[in-house]
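To keep things clear, I will list the structure first and then write my remarks on it.
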Amino acid sequence: MKFFLILFFTFISTVVFSNPALVVAQSEIALNLYLPSIQLRYEDNADQSRSLKNGYSINLATEIQKKYLVGVEYNIQSEKTGNASLSITHDFAELNLVAGYIMINWTLAENNSVHFFGLGYLGQNKNKIKTELLGNITTDVSMAELSYGVGILGQLKLNFILIEVDTRWMSSKSYVPESISVTDLRFGFQWPI
Amino acid sequence: MNFNFKNRHVEKKTDAVIRFVLVTILTSILSLGCSQKSNLNDVQGDVRVKIPVSAQTGNSAEYQLAVVTLKGLAQLKNVSGFFAQFFFSPGLNQNQMVGDSPQARFVKTNENIYIPIDSISQQMATLYYHIQSLAEFSQSIGAGEINQQPMKIGIETKVGNSEVLSKNNAFYDGKSDAMLFVPFSSSELPISVNSGIIAHEYFHSLFYKLILKDLDRQKAKSSTQKMMPLYNETYLRGINEGLADFWGWAYTNDDDFIHWSLSAYSKNRKLVLSEQSIGQFENSENIFLKVQTALLNSSTPSDYLSEYIYKIGTPNARFLKQLTVLMTEAGDSPLQAKIKVAKTVILFLKYLAIRAKEISSTEVLPAESLFEFIALPNSNIKLSQQQCEFVLSYIQKNELRSTDICEKQTDDSYQIKPFKKRVVQ
């Protein structure tokens with residue numbers, strides 16, 4: 001089922017975005033470049049609590065016709081537990097494709113505006129587990145798991161500067177719990193193409 | 001005009017396609033989200049995990065990561081199943097352990113092996129595996145019915161303010177029938193993954209059920225502020241610790257299993273018997289003197305004797321280990337020898353339980369009880385000459401038996417008998 005969904009999305013995306021006649025017709029494409037950002041994920045911790053955990057995110061997006069947003073994000077997070085004799089370092093990495101549609105557009109002044117996008121995410125994540133036992137290190141890599149989610153992006157645009165907060169509900173078999181809330185705060189620049 | 005129309009037409013078409021794609025993605029995501037179940041909630045039965053275990057390498061033991069199978073799991077999410085049930089930072093309510101079940105976190109590799117991603121999950125998987133193996137070992141020596149499954153295990157247990165009890169420790173609590181692990185703050189190997197210490201604690205559960213449980217009921221009748229009851233309590237505590245150390249060795253084959261986690265105790269409890277130490281043990285007179293000192297100098301004499309009990313126990317543990325080694329040298333496989341001696345230990349506990357219940361408040365349990373039991377014909381061990389002489393070196397410490405000898409039997413085994421002078425006519 002998942003395999004067919006991915007195939008289906010890939011096919012549709014390829015049809016839409018590989019045909020320049022469709023996308024470039026308006027010639028209103030902007031590239032959003034972001035600084036590496038902090039990502040907060042509400043997840044279970046090693047100490048049995050559930051709280052916001054810090055991770056990092058690298059993002060790149062394009063806005064098409066000031067209505068559509070298509071991008072990619074790479075999320076990483078690391079957690080270490082144990083002591084000098086026996087420790088576990090858990091490295092999480094996730095690559096998601098992001099697609100969104102503008103829902104609210106407020107113009108504050110010339111070139112300054114506030115936008116809200118509805119977003120969908122689809123990607124894959126993997127976990128690398130490094131276990132250090134009395135000085136010997138063993139590394140295991142998990143099988144890749146599908147990740148997906150929906151969310152809202154609030155974007156403040158001041159000329160070319162972007163300040164964004166994106167909050168979403170994400171799911172994956174490898175998350176603990178399997179559905180979590182994720183919030184990103186990021187700064188970036190918009191570059192018209 | 002025509003051009004604008006074409007542009008508008010393309011724009012509408014683009015809009016429609018992109019909207020369609022977005023709506024499809026969102027709908028699919030929502031439907032997937034509703035149907036998705038966690039990996040770990042569904043994982044049950046026999047599950048392969050990677051955990052640290054003690055492994056024999058030549059003459060020494062080492063810890064390494066190994067893939068093992070956890071059997072009879074009801075749910076990997078909380079590592080609960082037929083053999084163990086976990087409680088996180090539990091409390092006690094009317095002798096019953098209460099607390100939340102800790103949630104474990106694992107990831108699955110392409111080889112279908114589950115890897116714990118944090119220390120608590122690793123501890124849970126490791127403890128489950130060892131309790132399972134120890135229960136199987138108990139089964140193999142005919143002691144499988146003593147413990148009820150699943151074993152209740154408390155991790156990160158908070159125990160009072162005592163520095164000794166509240167950190168870097170583990171113990172079996174008979175009243176709640178639970179194995180409790182307190183927070184581990186040292187830089188050494190955590191106790192909850194130390195195979196030998198887990199086996200040591202497991203043995204305490206057998207000792208409690210075979211001996212202490214009934215004695216606890218009688219305890220109100222006797223006072224440990226008196227000489228004889230305190231002597232007997234001290235001897236039983238000592239023999240409990242000693243036999244538990246033997247169990248730790250028998251399970252791991254590591255004569256210094258303590259040092260991985262509690263290196264400060266290694267020197268006194270290492271199960272290596274030097275030539276000079278053969279036949280040496282803490283005799284009843286010494287125990288009496290120590291108990292007397294405790295009664296004179298402390299308002300809590302049992303606590304005063306907490307370190308001393310290992311001085312009673314360790315020679316017993318070293319004796320059993322050496323006897324097992326001698327049996328291996330005589331032709332038994334290491335496992336056969338361990339099973340024979342472990343079976344004898346269980347018989348000894350049953351014998352000791354009867355003796356402990358029978359004795360009055362003015363009688364004592366002799367410090368050489370274990371050695372004398374091994375020498376009995378019904379101890380389940382047929383001694384070779386070498387083994388017999390080894391046991392004899394302990395028996396002869398008793399003045400009344402200082403002239404005992406090893407006598408060959410019709411089946412070629414040896415038994416310790418009183419020396420009979422030949423009458424010359």
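In the structure tokens, chains take the letters A, B, ... in the order shown, each chain's residues start at 1, and ligands count up from 1 in the order shown.
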
Just list the residues in range 135-380 of chain B DSSP gives strand (DSSP E or B) on the backbone, as a list in words. Met151, Lys152, Ile153, Gly154, Ile155, Ala170, Phe171, Tyr172, Asp173, Ala178, Met179, Leu180 and Phe181 of chain B

Within 12 Å of Asn54 in chain A, counting only C-alpha atoms, which residues show up once you throw out same-chain ones fewer than 5 positions away? Write them as a ChimeraX atom specification, please. /A:37-43,45,75-79,92,182-185

Check every residue of chain A for an atom within 6 Å of chain B, counting only C-alpha atoms, and provide those that qualify as an mmCIF file with C-alpha atoms, in the first residue's frame.
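That gives us iface_38.cif:
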data_model
loop_
_atom_site.group_PDB
_atom_site.id
_atom_site.type_symbol
_atom_site.label_atom_id
_atom_site.label_comp_id
_atom_site.auth_asym_id
_atom_site.auth_seq_id
_atom_site.Cartn_x
_atom_site.Cartn_y
_atom_site.Cartn_z
ATOM 1 C CA LEU A 22 2.908 24.130 -16.407
ATOM 2 C CA ALA A 46 15.180 7.968 27.810
ATOM 3 C CA THR A 81 22.409 7.660 27.504
ATOM 4 C CA GLY A 82 24.483 5.461 29.794
ATOM 5 C CA ASN A 83 27.821 5.886 31.470
ATOM 6 C CA ALA A 84 31.524 5.502 30.715
ATOM 7 C CA SER A 85 31.319 1.687 30.591
ATOM 8 C CA ILE A 88 24.094 4.247 23.670
ATOM 9 C CA HIS A 90 20.980 7.257 19.135
ATOM 10 C CA GLY A 120 1.849 18.021 3.885
ATOM 11 C CA SER A 142 17.594 0.546 11.524
ATOM 12 C CA MET A 143 15.501 -0.204 8.502
ATOM 13 C CA LYS A 173 6.496 3.598 13.005
ATOM 14 C CA GLU A 178 4.230 6.900 16.807
#

Between CA of Thr410 in chain B and CA of Ser384 in chain B, distance in Å (one decimal): 12.5 Å

Counting only C-alpha atoms, the option among B:Asn168, B:Ser176, B:Thr69, B:Ser360 closest to Val98 in chain B: B:Ser176

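The shortest atom-to-atom distance to Trp247 in chain B, with only C-alpha atoms taken into account, belongs to B:Ala342 out of B:Ala84, B:Ile309, B:Ala342, B:Val43.
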
Would you mind listing what lies within 9 Å of Ser147 in chain A as a PyMOL selection string, with only C-alpha atoms counted and same-chain residues fewer than 5 positions away left out? chain A and resi 94-96+121-125+170-175

Selection above as a file: C-alpha atoms, as an mmCIF file, in the first residue's frame:
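Result file is selection06.cif:
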data_model
loop_
_atom_site.group_PDB
_atom_site.id
_atom_site.type_symbol
_atom_site.label_atom_id
_atom_site.label_comp_id
_atom_site.auth_asym_id
_atom_site.auth_seq_id
_atom_site.Cartn_x
_atom_site.Cartn_y
_atom_site.Cartn_z
ATOM 1 C CA GLU A 94 14.907 12.074 8.400
ATOM 2 C CA LEU A 95 14.410 13.397 4.882
ATOM 3 C CA ASN A 96 10.960 14.760 4.067
ATOM 4 C CA TYR A 121 5.030 16.010 4.568
ATOM 5 C CA LEU A 122 6.183 12.719 3.213
ATOM 6 C CA GLY A 123 9.587 11.134 3.688
ATOM 7 C CA GLN A 124 11.746 8.519 5.258
ATOM 8 C CA ASN A 125 13.717 8.224 8.463
ATOM 9 C CA MET A 170 3.924 13.722 12.159
ATOM 10 C CA SER A 171 3.673 9.967 12.183
ATOM 11 C CA SER A 172 6.117 7.138 11.706
ATOM 12 C CA LYS A 173 6.496 3.598 13.005
ATOM 13 C CA SER A 174 9.897 4.529 14.363
ATOM 14 C CA TYR A 175 8.676 7.513 16.385
#

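Going from CA of Lys420 in chain B over to CA of Ser402 in chain B, you cover 12.5 Å.
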